[in-house]
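Student: Below you'll find input-v9.tsv; it's TSV, C-alpha atoms.
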```
chain	number	residue	atom	x	y	z
A	25	MET	CA	-117.47	121.58	-67.32
A	26	PRO	CA	-114.89	122.33	-64.70
A	27	ASN	CA	-115.74	118.96	-63.15
A	28	VAL	CA	-114.89	117.14	-66.37
A	29	LYS	CA	-111.57	118.94	-66.57
A	30	LEU	CA	-110.73	118.00	-63.00
A	31	ARG	CA	-111.61	114.38	-63.59
A	32	ARG	CA	-109.32	114.21	-66.65
A	33	MET	CA	-106.48	115.72	-64.63
A	34	LYS	CA	-106.97	113.14	-61.86
A	35	ILE	CA	-106.87	110.26	-64.33
A	36	LYS	CA	-103.72	111.63	-65.92
A	37	LEU	CA	-102.09	112.05	-62.50
A	38	SER	CA	-102.99	108.58	-61.35
A	39	GLU	CA	-101.65	107.07	-64.56
A	40	ASN	CA	-98.39	108.92	-64.01
A	41	LEU	CA	-98.23	107.73	-60.42
A	42	LYS	CA	-98.87	104.16	-61.45
A	43	GLU	CA	-96.08	104.37	-64.00
A	44	GLU	CA	-93.78	105.84	-61.36
A	45	MET	CA	-94.67	103.09	-58.94
A	46	GLU	CA	-94.04	100.41	-61.54
A	47	LYS	CA	-90.69	101.94	-62.38
A	48	LEU	CA	-89.72	102.08	-58.71
A	49	LYS	CA	-90.71	98.44	-58.22
A	50	GLU	CA	-88.62	97.37	-61.19
A	51	GLU	CA	-85.68	99.32	-59.83
A	52	MET	CA	-86.10	97.71	-56.45
A	53	VAL	CA	-86.10	94.20	-57.94
A	54	SER	CA	-83.08	95.04	-60.04
A	55	LEU	CA	-81.22	96.44	-57.01
A	56	LYS	CA	-82.01	93.38	-54.94
A	57	GLU	CA	-80.69	91.07	-57.65
A	58	GLN	CA	-77.61	93.19	-58.04
A	59	LEU	CA	-76.99	93.15	-54.33
A	60	ARG	CA	-77.40	89.38	-54.18
A	61	ASP	CA	-74.95	88.92	-57.03
A	62	VAL	CA	-72.44	91.33	-55.66
A	63	MET	CA	-72.26	90.54	-51.96
A	64	GLU	CA	-71.12	87.02	-51.44
A	65	ILE	CA	-70.26	86.34	-47.83
A	66	LYS	CA	-68.11	83.36	-47.12
A	67	ARG	CA	-67.08	82.09	-43.78
A	68	ARG	CA	-63.76	80.34	-43.79
A	69	LYS	CA	-63.24	78.15	-40.76
A	70	GLY	CA	-60.15	79.13	-38.76
A	71	ARG	CA	-59.23	81.93	-41.14
A	72	GLY	CA	-61.70	84.56	-40.04
A	73	ILE	CA	-64.57	86.01	-42.05
A	74	TYR	CA	-64.14	86.78	-45.73
A	75	ILE	CA	-66.54	89.17	-47.43
A	76	ASP	CA	-66.24	89.31	-51.19
A	77	ILE	CA	-67.53	92.66	-52.45
A	78	GLY	CA	-66.64	92.31	-56.10
A	79	ASP	CA	-65.83	94.93	-58.70
A	80	ARG	CA	-69.26	96.34	-59.42
A	81	VAL	CA	-69.94	97.92	-56.08
A	82	GLY	CA	-69.38	101.57	-55.61
A	83	ASP	CA	-67.48	103.46	-52.94
A	84	TYR	CA	-70.51	103.58	-50.70
A	85	VAL	CA	-70.63	99.84	-50.03
A	86	GLU	CA	-66.88	99.71	-49.62
A	87	ASP	CA	-67.11	102.48	-47.04
A	88	VAL	CA	-69.88	100.67	-45.23
A	89	MET	CA	-67.84	97.44	-45.18
A	90	GLU	CA	-64.82	99.31	-43.94
A	91	GLY	CA	-66.93	100.66	-41.10
A	92	VAL	CA	-68.19	97.18	-40.30
A	93	ALA	CA	-64.63	95.88	-40.34
A	94	GLU	CA	-63.48	98.62	-38.01
A	95	GLY	CA	-66.35	97.85	-35.68
A	96	ILE	CA	-65.48	94.17	-35.58
A	97	HIS	CA	-61.84	95.05	-35.13
A	98	GLY	CA	-62.70	97.14	-32.11
A	99	GLU	CA	-64.82	94.34	-30.71
A	100	LEU	CA	-62.55	91.42	-31.32
A	101	GLU	CA	-59.18	93.16	-31.29
A	102	LYS	CA	-58.10	91.24	-34.31
A	103	SER	CA	-56.22	92.49	-37.31
A	104	ILE	CA	-58.30	93.22	-40.36
A	105	PHE	CA	-57.07	93.41	-43.87
A	106	ILE	CA	-59.14	95.48	-46.28
A	107	GLY	CA	-58.13	94.72	-49.82
A	108	PRO	CA	-59.51	95.76	-53.21
A	109	LYS	CA	-61.73	92.71	-53.35
A	110	GLY	CA	-62.94	92.51	-49.83
A	111	VAL	CA	-62.50	92.62	-46.12
A	112	ARG	CA	-60.58	89.89	-44.43
A	113	ILE	CA	-60.36	89.51	-40.69
A	114	LEU	CA	-57.15	87.87	-39.61
A	115	ARG	CA	-55.83	86.84	-36.23
A	116	LYS	CA	-52.69	88.52	-37.38
A	117	LYS	CA	-51.40	89.83	-34.02
A	118	LYS	CA	-51.76	86.44	-32.29
A	119	ARG	CA	-50.18	84.62	-35.20
A	120	HIS	CA	-47.35	87.09	-35.30
A	121	ARG	CA	-46.74	86.71	-31.56
A	122	ARG	CA	-46.69	82.92	-31.87
A	123	ASP	CA	-44.26	83.12	-34.74
A	124	GLU	CA	-41.99	85.31	-32.65
A	125	GLU	CA	-42.24	82.87	-29.73
A	126	LEU	CA	-41.40	79.97	-32.02
A	127	LYS	CA	-38.42	81.84	-33.40
A	128	ALA	CA	-37.13	82.57	-29.91
A	129	ASN	CA	-37.48	78.94	-28.89
A	130	PHE	CA	-36.13	77.20	-31.99
A	131	PRO	CA	-33.52	75.13	-30.07
A	132	GLU	CA	-36.01	73.85	-27.48
A	133	VAL	CA	-38.68	73.19	-30.10
A	134	ALA	CA	-36.12	71.31	-32.21
A	135	GLU	CA	-35.22	69.22	-29.16
A	136	VAL	CA	-38.84	68.23	-28.60
A	137	MET	CA	-39.37	67.52	-32.31
A	138	SER	CA	-36.23	65.45	-32.29
A	139	ALA	CA	-37.48	63.46	-29.29
A	140	LEU	CA	-40.59	62.69	-31.28
A	141	GLY	CA	-38.63	61.86	-34.41
A	142	HIS	CA	-38.25	58.13	-33.93
A	143	GLU	CA	-40.84	55.46	-34.60
A	144	HIS	CA	-39.98	53.58	-31.40
A	145	ARG	CA	-40.44	56.70	-29.31
A	146	LEU	CA	-43.79	57.33	-31.01
A	147	GLY	CA	-44.62	53.74	-30.08
A	148	VAL	CA	-43.73	54.42	-26.44
A	149	LEU	CA	-45.94	57.53	-26.37
A	150	TYR	CA	-48.76	55.54	-27.98
A	151	GLU	CA	-48.55	52.93	-25.22
A	152	LEU	CA	-48.41	55.55	-22.47
A	153	MET	CA	-51.50	57.35	-23.82
A	154	SER	CA	-53.63	54.64	-22.22
A	155	GLY	CA	-52.00	55.11	-18.77
A	156	GLY	CA	-48.77	54.86	-16.81
A	157	LYS	CA	-46.66	51.75	-17.36
A	158	TYR	CA	-43.64	50.01	-15.83
A	159	ILE	CA	-40.72	49.34	-18.12
A	160	ASN	CA	-41.48	45.61	-18.26
A	161	GLU	CA	-45.05	46.37	-19.35
A	162	LEU	CA	-43.70	48.62	-22.10
A	163	GLN	CA	-41.28	45.88	-23.05
A	164	GLU	CA	-44.18	43.45	-23.44
A	165	LYS	CA	-46.09	45.89	-25.60
A	166	LEU	CA	-43.03	46.72	-27.73
A	167	PRO	CA	-41.18	43.39	-28.14
A	168	GLU	CA	-39.27	44.66	-31.20
A	169	ILE	CA	-37.25	47.03	-28.97
A	170	THR	CA	-34.52	45.68	-26.68
A	171	THR	CA	-34.58	46.69	-23.01
A	172	SER	CA	-31.47	48.86	-23.28
A	173	THR	CA	-32.80	50.64	-26.40
A	174	LEU	CA	-36.14	51.14	-24.69
A	175	SER	CA	-34.39	52.68	-21.67
A	176	SER	CA	-32.46	55.10	-23.86
A	177	HIS	CA	-35.66	56.07	-25.74
A	178	LEU	CA	-37.38	56.71	-22.41
A	179	LYS	CA	-34.46	58.85	-21.31
A	180	VAL	CA	-34.74	60.99	-24.46
A	181	LEU	CA	-38.50	61.39	-23.93
A	182	GLU	CA	-37.96	62.23	-20.27
A	183	GLU	CA	-35.32	64.85	-21.04
A	184	ALA	CA	-37.66	66.47	-23.54
A	185	GLY	CA	-40.37	66.60	-20.85
A	186	LEU	CA	-42.76	64.35	-22.75
A	187	VAL	CA	-42.57	61.55	-20.21
A	188	VAL	CA	-41.98	61.53	-16.45
A	189	GLN	CA	-40.88	58.63	-14.26
A	190	GLU	CA	-42.09	58.01	-10.73
A	191	LYS	CA	-38.90	57.53	-8.70
A	192	VAL	CA	-40.51	55.29	-6.08
A	193	ARG	CA	-42.92	53.18	-8.12
A	194	GLY	CA	-40.85	53.33	-11.27
A	195	ARG	CA	-43.83	53.81	-13.61
A	196	TYR	CA	-43.52	55.99	-16.70
A	197	LEU	CA	-46.28	58.53	-17.33
A	198	ILE	CA	-47.01	60.71	-20.32
A	199	THR	CA	-47.03	64.44	-19.44
A	200	ILE	CA	-49.32	67.18	-20.75
A	201	PRO	CA	-46.70	68.28	-23.36
A	202	GLY	CA	-46.28	64.59	-24.23
A	203	ARG	CA	-49.98	64.25	-25.02
A	204	THR	CA	-49.91	67.50	-27.02
A	205	THR	CA	-46.99	66.37	-29.16
A	206	TYR	CA	-48.59	62.96	-29.63
A	207	LYS	CA	-51.70	64.71	-30.96
A	208	MET	CA	-49.40	66.61	-33.32
A	209	ALA	CA	-48.11	63.29	-34.63
A	210	LYS	CA	-51.72	62.22	-35.21
A	211	ARG	CA	-52.25	65.33	-37.33
A	212	VAL	CA	-49.25	64.36	-39.42
A	213	THR	CA	-51.00	61.01	-40.02
A	214	LYS	CA	-53.99	62.88	-41.47
A	215	PHE	CA	-51.68	64.84	-43.71
A	216	LEU	CA	-50.07	61.59	-44.89
A	217	GLU	CA	-53.49	60.12	-45.69
A	218	ARG	CA	-54.33	63.17	-47.83
A	219	ARG	CA	-50.92	63.08	-49.51
A	220	ASP	CA	-51.27	59.41	-50.41
A	221	LYS	CA	-54.71	60.03	-51.92
A	222	GLU	CA	-53.29	62.73	-54.17
B	10	MET	CA	-33.93	72.16	27.25
B	11	THR	CA	-37.49	70.91	27.16
B	12	TRP	CA	-40.37	71.64	24.83
B	13	LYS	CA	-43.50	71.01	26.86
B	14	GLU	CA	-42.66	67.45	27.95
B	15	TYR	CA	-40.24	66.70	25.13
B	16	LYS	CA	-36.50	66.78	25.74
B	17	LEU	CA	-33.27	65.61	24.12
B	18	ASP	CA	-31.29	62.68	25.50
B	19	ASP	CA	-27.51	63.04	25.45
B	20	THR	CA	-26.95	59.37	24.55
B	21	ILE	CA	-25.89	59.57	20.92
B	22	SER	CA	-26.25	56.50	18.70
B	23	LYS	CA	-25.41	55.63	15.11
B	24	SER	CA	-27.09	53.36	12.56
B	25	THR	CA	-25.45	50.00	11.94
B	26	GLU	CA	-26.96	49.59	8.47
B	27	ILE	CA	-29.18	51.33	5.94
B	28	ILE	CA	-32.51	51.94	7.70
B	29	ARG	CA	-35.75	52.63	5.90
B	30	LEU	CA	-37.54	54.97	8.30
B	31	TRP	CA	-40.66	55.27	6.19
B	32	GLN	CA	-41.97	53.49	3.15
B	33	THR	CA	-45.28	53.50	1.30
B	34	GLU	CA	-46.27	52.82	-2.29
B	35	THR	CA	-45.32	56.37	-3.25
B	36	GLY	CA	-42.64	57.39	-0.77
B	37	ILE	CA	-39.39	56.26	0.84
B	38	LEU	CA	-37.15	57.82	3.47
B	39	GLU	CA	-33.96	56.03	4.37
B	40	ILE	CA	-30.74	56.76	6.21
B	41	ASP	CA	-27.33	55.30	5.47
B	42	LYS	CA	-25.08	53.34	7.77
B	43	ASN	CA	-23.24	55.43	10.43
B	44	THR	CA	-25.92	58.13	10.61
B	45	LEU	CA	-25.88	59.79	14.03
B	46	ALA	CA	-29.10	59.64	16.07
B	47	THR	CA	-29.97	61.83	19.09
B	48	PRO	CA	-33.08	60.55	20.90
B	49	ILE	CA	-36.06	62.82	21.65
B	50	MET	CA	-37.72	61.75	24.89
B	51	LEU	CA	-41.24	62.13	26.22
B	52	ASN	CA	-41.91	60.93	29.77
B	53	ASP	CA	-38.59	59.05	29.71
B	54	LYS	CA	-39.56	57.16	26.56
B	55	ARG	CA	-37.94	57.52	23.14
B	56	LYS	CA	-40.47	59.19	20.86
B	57	GLY	CA	-38.21	60.32	18.08
B	58	TYR	CA	-34.71	61.20	16.90
B	59	VAL	CA	-32.68	63.94	15.37
B	60	PHE	CA	-30.65	62.23	12.65
B	61	HIS	CA	-27.51	63.49	11.00
B	62	GLY	CA	-25.77	61.59	8.25
B	63	GLN	CA	-26.48	60.64	4.68
B	64	GLY	CA	-30.07	59.94	3.74
B	65	LYS	CA	-32.57	60.11	0.95
B	66	LEU	CA	-36.20	61.17	0.68
B	67	LEU	CA	-38.24	60.14	-2.34
B	68	ILE	CA	-41.90	60.94	-2.93
B	69	ASP	CA	-43.82	60.50	-6.17
B	70	THR	CA	-45.35	63.97	-6.13
B	71	ILE	CA	-46.90	63.47	-9.54
B	72	VAL	CA	-50.56	63.89	-10.37
B	73	GLU	CA	-52.18	62.01	-13.21
B	74	THR	CA	-54.88	64.01	-14.99
B	75	GLU	CA	-56.90	63.34	-18.15
B	76	GLU	CA	-54.63	65.82	-19.94
B	77	GLY	CA	-51.41	64.14	-18.81
B	78	ALA	CA	-49.15	63.89	-15.78
B	79	ILE	CA	-48.18	67.02	-13.82
B	80	GLY	CA	-45.20	67.41	-11.50
B	81	LYS	CA	-42.17	65.24	-10.93
B	82	SER	CA	-40.92	63.02	-8.16
B	83	LEU	CA	-39.38	64.70	-5.15
B	84	GLU	CA	-35.81	63.53	-4.59
B	85	ASN	CA	-34.01	65.11	-1.63
B	86	MET	CA	-30.62	64.10	-0.31
B	87	LEU	CA	-30.61	64.41	3.47
B	88	ASN	CA	-27.17	65.67	4.44
B	89	GLU	CA	-28.33	68.11	7.14
B	90	PRO	CA	-29.79	67.09	10.54
B	91	PHE	CA	-33.49	66.29	10.40
B	92	LEU	CA	-36.09	65.38	12.97
B	93	MET	CA	-38.39	62.40	13.20
B	94	LEU	CA	-41.21	61.74	15.64
B	95	GLY	CA	-43.18	58.51	15.73
B	96	VAL	CA	-42.73	54.79	16.23
B	97	THR	CA	-39.11	54.13	17.16
B	98	GLU	CA	-39.15	50.73	18.89
B	99	ASP	CA	-37.91	48.72	15.88
B	100	LEU	CA	-35.36	51.36	15.12
B	101	GLN	CA	-33.46	50.75	18.33
B	102	LYS	CA	-32.36	47.31	17.06
B	103	ASN	CA	-30.38	48.94	14.28
B	104	LEU	CA	-28.66	51.55	16.44
B	105	THR	CA	-25.51	51.32	18.50
B	106	LYS	CA	-23.62	53.78	20.71
B	107	ALA	CA	-21.67	56.35	18.67
B	108	THR	CA	-17.99	56.87	19.39
B	109	GLU	CA	-15.92	60.10	19.35
B	110	GLU	CA	-14.58	58.94	16.00
B	111	ASP	CA	-18.12	58.74	14.57
B	112	LEU	CA	-18.76	62.30	15.70
B	113	THR	CA	-15.49	63.56	14.24
B	114	ARG	CA	-16.33	61.90	10.93
B	115	LYS	CA	-19.45	64.09	10.76
B	116	GLY	CA	-17.46	67.21	11.66
B	117	TYR	CA	-18.32	67.50	15.35
B	118	LYS	CA	-15.62	68.18	17.96
B	119	ASN	CA	-17.70	66.57	20.71
B	120	SER	CA	-21.20	65.34	21.52
B	121	GLN	CA	-22.25	68.76	22.90
B	122	GLU	CA	-21.78	70.31	19.48
B	123	LEU	CA	-24.18	67.76	17.98
B	124	LEU	CA	-26.63	68.27	20.85
B	125	ASP	CA	-26.56	72.04	20.25
B	126	LYS	CA	-27.36	71.54	16.59
B	127	ALA	CA	-30.14	69.09	17.44
B	128	GLU	CA	-31.51	71.56	19.98
B	129	SER	CA	-31.70	74.41	17.51
B	130	LEU	CA	-33.63	72.15	15.11
B	131	CYS	CA	-35.99	71.12	17.92
B	132	ASN	CA	-36.46	74.78	18.84
B	133	LEU	CA	-37.51	75.54	15.30
B	134	PHE	CA	-39.90	72.60	15.21
B	135	PHE	CA	-41.49	72.44	18.67
B	136	GLU	CA	-41.91	76.14	19.26
B	137	ARG	CA	-44.07	76.46	16.20
B	138	LYS	CA	-45.82	73.11	16.25
B	139	LEU	CA	-46.80	72.69	19.89
B	140	ASN	CA	-49.56	74.87	21.23
B	141	SER	CA	-51.61	74.86	24.39
B	142	HIS	CA	-54.08	72.31	23.01
B	143	GLU	CA	-51.63	69.61	22.03
B	144	ASN	CA	-48.68	68.50	24.04
B	145	THR	CA	-47.69	65.46	21.99
B	146	PHE	CA	-47.72	64.12	18.46
B	147	GLU	CA	-49.14	60.77	19.59
B	148	GLY	CA	-51.37	59.08	17.03
B	149	ARG	CA	-50.18	61.25	14.16
B	150	GLY	CA	-48.12	58.57	12.52
B	151	LEU	CA	-44.68	59.74	11.53
B	152	VAL	CA	-43.65	63.38	11.50
B	153	PHE	CA	-40.45	64.50	9.79
B	154	ALA	CA	-38.99	67.99	9.70
B	155	PHE	CA	-36.16	68.99	7.36
B	156	PRO	CA	-34.51	72.41	7.58
B	157	ASN	CA	-34.52	74.23	4.24
B	158	GLU	CA	-32.48	77.07	2.75
B	159	ASN	CA	-34.92	79.70	4.11
B	160	ASN	CA	-34.14	78.60	7.69
B	161	LYS	CA	-37.62	77.11	7.86
B	162	LEU	CA	-38.78	73.52	7.92
B	163	ASP	CA	-40.09	71.28	5.19
B	164	LEU	CA	-42.56	68.91	6.81
B	165	LEU	CA	-43.66	65.39	6.05
B	166	VAL	CA	-46.50	63.77	7.96
B	167	ALA	CA	-47.25	60.17	7.04
B	168	LYS	CA	-49.79	57.78	8.43
B	169	ASP	CA	-50.62	54.53	6.62
B	170	SER	CA	-51.08	55.52	2.97
B	171	LYS	CA	-51.80	59.16	3.83
B	172	ILE	CA	-49.06	61.66	3.04
B	173	VAL	CA	-48.82	65.37	3.66
B	174	TYR	CA	-45.65	67.04	2.42
B	175	LYS	CA	-45.07	70.77	2.69
B	176	GLY	CA	-41.93	72.09	1.04
B	177	THR	CA	-40.77	75.53	-0.06
B	178	LYS	CA	-42.32	75.36	-3.52
B	179	LEU	CA	-44.42	72.25	-3.21
B	180	VAL	CA	-47.36	71.01	-1.21
B	181	PHE	CA	-48.49	67.45	-1.76
B	182	VAL	CA	-51.39	65.75	-0.03
B	183	SER	CA	-52.32	62.20	-0.87
B	184	LYS	CA	-54.95	59.88	0.52
B	185	GLY	CA	-55.86	56.83	-1.54
B	186	ASN	CA	-57.06	58.01	-4.95
B	187	LYS	CA	-57.32	61.60	-3.83
B	188	VAL	CA	-54.36	63.88	-4.44
B	189	VAL	CA	-53.79	67.61	-4.10
B	190	LEU	CA	-50.62	69.08	-5.56
B	191	LYS	CA	-49.65	72.72	-5.21
B	192	ILE	CA	-46.77	73.88	-7.37
B	193	PRO	CA	-45.88	77.49	-8.27
B	194	GLY	CA	-48.85	79.04	-10.07
B	195	GLU	CA	-50.96	75.91	-10.04
B	196	VAL	CA	-53.09	73.74	-7.79
B	197	ILE	CA	-54.20	70.36	-9.08
B	198	CYS	CA	-56.80	68.25	-7.30
B	199	THR	CA	-57.63	64.72	-8.43
B	200	SER	CA	-60.17	62.31	-7.09
B	201	ASN	CA	-60.82	58.88	-8.60
B	202	GLY	CA	-59.42	59.80	-12.00
B	203	ARG	CA	-61.16	63.16	-12.28
B	204	SER	CA	-59.11	66.30	-11.89
B	205	VAL	CA	-59.46	70.05	-11.46
B	206	THR	CA	-56.60	72.45	-12.13
B	207	ILE	CA	-56.61	75.95	-10.72
B	208	LYS	CA	-54.11	78.34	-12.27
B	209	LYS	CA	-53.14	81.77	-11.04
```
How would this structure read if it were set down as structure tokens?

Tutor:
Amino acid sequence: MPNVKLRRMKIKLSENLKEEMEKLKEEMVSLKEQLRDVMEIKRRKGRGIYIDIGDRVGDYVEDVMEGVAEGIHGELEKSIFIGPKGVRILRKKKRHRRDEELKANFPEVAEVMSALGHEHRLGVLYELMSGGKYINELQEKLPEITTSTLSSHLKVLEEAGLVVQEKVRGRYLITIPGRTTYKMAKRVTKFLERRDKE
Amino acid sequence: MTWKEYKLDDTISKSTEIIRLWQTETGILEIDKNTLATPIMLNDKRKGYVFHGQGKLLIDTIVETEEGAIGKSLENMLNEPFLMLGVTEDLQKNLTKATEEDLTRKGYKNSQELLDKAESLCNLFFERKLNSHENTFEGRGLVFAFPNENNKLDLLVAKDSKIVYKGTKLVFVSKGNKVVLKIPGEVICTSNGRSVTIKK
């Protein structure tokens, strides 16, 4: 008799355990789905990492993400913004420094931009991108510009440091800042293409 | 005064026209008319001069890299006495004996005053440049020495298309397609269109 009793108890226990296990499995699946829905991690090129936590997550996850953000901050020494919807890592310090530098150099920057602000001068830079040229070679490539106008354009570019002239040979060469500003003009072309499409 | 076998001659000449002392594809050194010339002798032969007058030194000390050109042309006005060693035979044709008036025009009371100035320049040059192993500059092409504001000498050594220029803030070495340029905080080396930049 006692054996029968024991057997019944075992069956009852195992049934309970099975139920418990099933319940736990269901909970696990539900949690996984919830987690997948909630945590959407996006990487935005050039703007840092953006982790969208959403509204349904509790304080725990937010704390964890804050810890992660602090860790990354320590590693990368970048500014991190933790908002109600997520953690955003910004290169805030660097950007701020560059803004300050730009502000301090407004007159010089304006001078360079002004040197670039003429289609003929852009044409001169375009021609010099392929290598140094004498003024007569530039004249051949840019027949729409008179020699005196070309000389004055070259002077403006030279004063802005975008072009340098060899005093002995007389060739004009594009400088490193000249190439950089020319690339900037190319970027503007991309912007114009996008604007025209819209 | 002698420096090893070198010595100054007291026969002072002047240029009768603009003379181009050195010229290559990337450099020019010329002196104006009426520039005073004190000969430097070696074994009773003229091996160089100390010039004083108006002159101009131009060197295209610019390096072309894939990223763009670096540096700018060197343009020095030569108003102070400077030294030249090298081929001087052709030069003699364009020189004539200087008069007292020519010396006065340059601010000298007499020829001795010019000789003293030339001697102090030679002292600065020869005492540092000549050592026990080399007694002459034969076969070195042209050697120029220009006093700078630090009471030191800027040097230019040129042979065929090879140039070595050492200034206060600039060192430029050029040989064919190979160029080395040292400017404050940067050294740029180029060879056949490829370049390496070393920054401090």

Student: Would you mind telling me which residue in A:Arg122, A:Lys191, A:His177, A:Lys47 lies nearest to chain B when using all atoms listed in the file?

Tutor: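 For chain B, the nearest of the given residues is A:Lys191.
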
Student: Between CA of Lys184 (chain B) and CA of Leu186 (chain A), what is the distance, to one decimal in Å?

Tutor: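 Atom-to-atom, CA of Lys184 (chain B) to CA of Leu186 (chain A), that is 26.6 Å.
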
Student: For CA of Gln121 (chain B) and CA of Pro90 (chain B), quote the distance in Å rounded to one decimal.

Tutor: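 Separation between CA of Gln121 (chain B) and CA of Pro90 (chain B): 14.6 Å.
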
Student: As an NGL selection string, please: the residues near Ile172 (chain B) (cut-off 12 Å, all atoms listed in the file, same-chain neighbours under 3 positions excluded).

Tutor: :B and (31-37 or 68-70 or 149-153 or 164-169 or 175 or 180-190)

Student: Go through B:Glu76, B:Glu109, B:Glu89, B:Glu136 and flag the residue nearest chain A, using only C-alpha atoms for the distances.

Tutor: B:Glu76

Student: Kindly give the distance, in Å, that separates CA of Val188 (chain A) and CA of Ser138 (chain A), rounded to a single decimal.

Tutor: 17.3 Å

Student: Nearest to chain A: which of B:Asn88, B:Gly202, B:Thr113, B:Ile49 is it, counting all atoms listed in the file?

Tutor: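 Using all atoms listed in the file, the shortest distance to chain A belongs to B:Gly202.
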
Student: Using all atoms listed in the file, which protein or nucleic acid residues come within 12 Å of region 150-163 of chain A? Drop anything in the same chain fewer than 4 positions from it, and give the result as a ChimeraX atom specification.

Tutor: /A:140,143-146,167-179,181,186-207,209-210 /B:71-78,202

Student: The centre and edge lengths of an axis-aligned box containing all atoms of region 38-54 of chain B present in the file, extended by 5 Å on each side, are to be given in Å to one decimal, as lines of an AutoDock Vina configuration file.

Tutor:
```
center_x = -32.6
center_y = 58.1
center_z = 16.6
size_x = 28.7
size_y = 19.5
size_z = 36.3
```

Student: Determine, counting all atoms listed in the file, every residue of protein, DNA or RNA that lies within 9 Å of (-26.4, 62.1, 7.7) in the file coordinates, then give the result as a ChimeraX atom specification.

Tutor: /B:40-45,60-64,87-91,115

Student: Compare B:Val205, B:Val59, B:Val96, B:Leu67 by their minimum atom-to-atom distance to chain A, counting all atoms listed in the file, and give me the closest one.

Tutor: B:Leu67

Student: Give the answer as one residue: which of A:Glu135, A:Glu50, A:Asp220, A:Glu182 has the shortest atom-to-atom distance to chain B, using only C-alpha atoms?

Tutor: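 Using only C-alpha atoms, chain B sits closest to A:Glu182.
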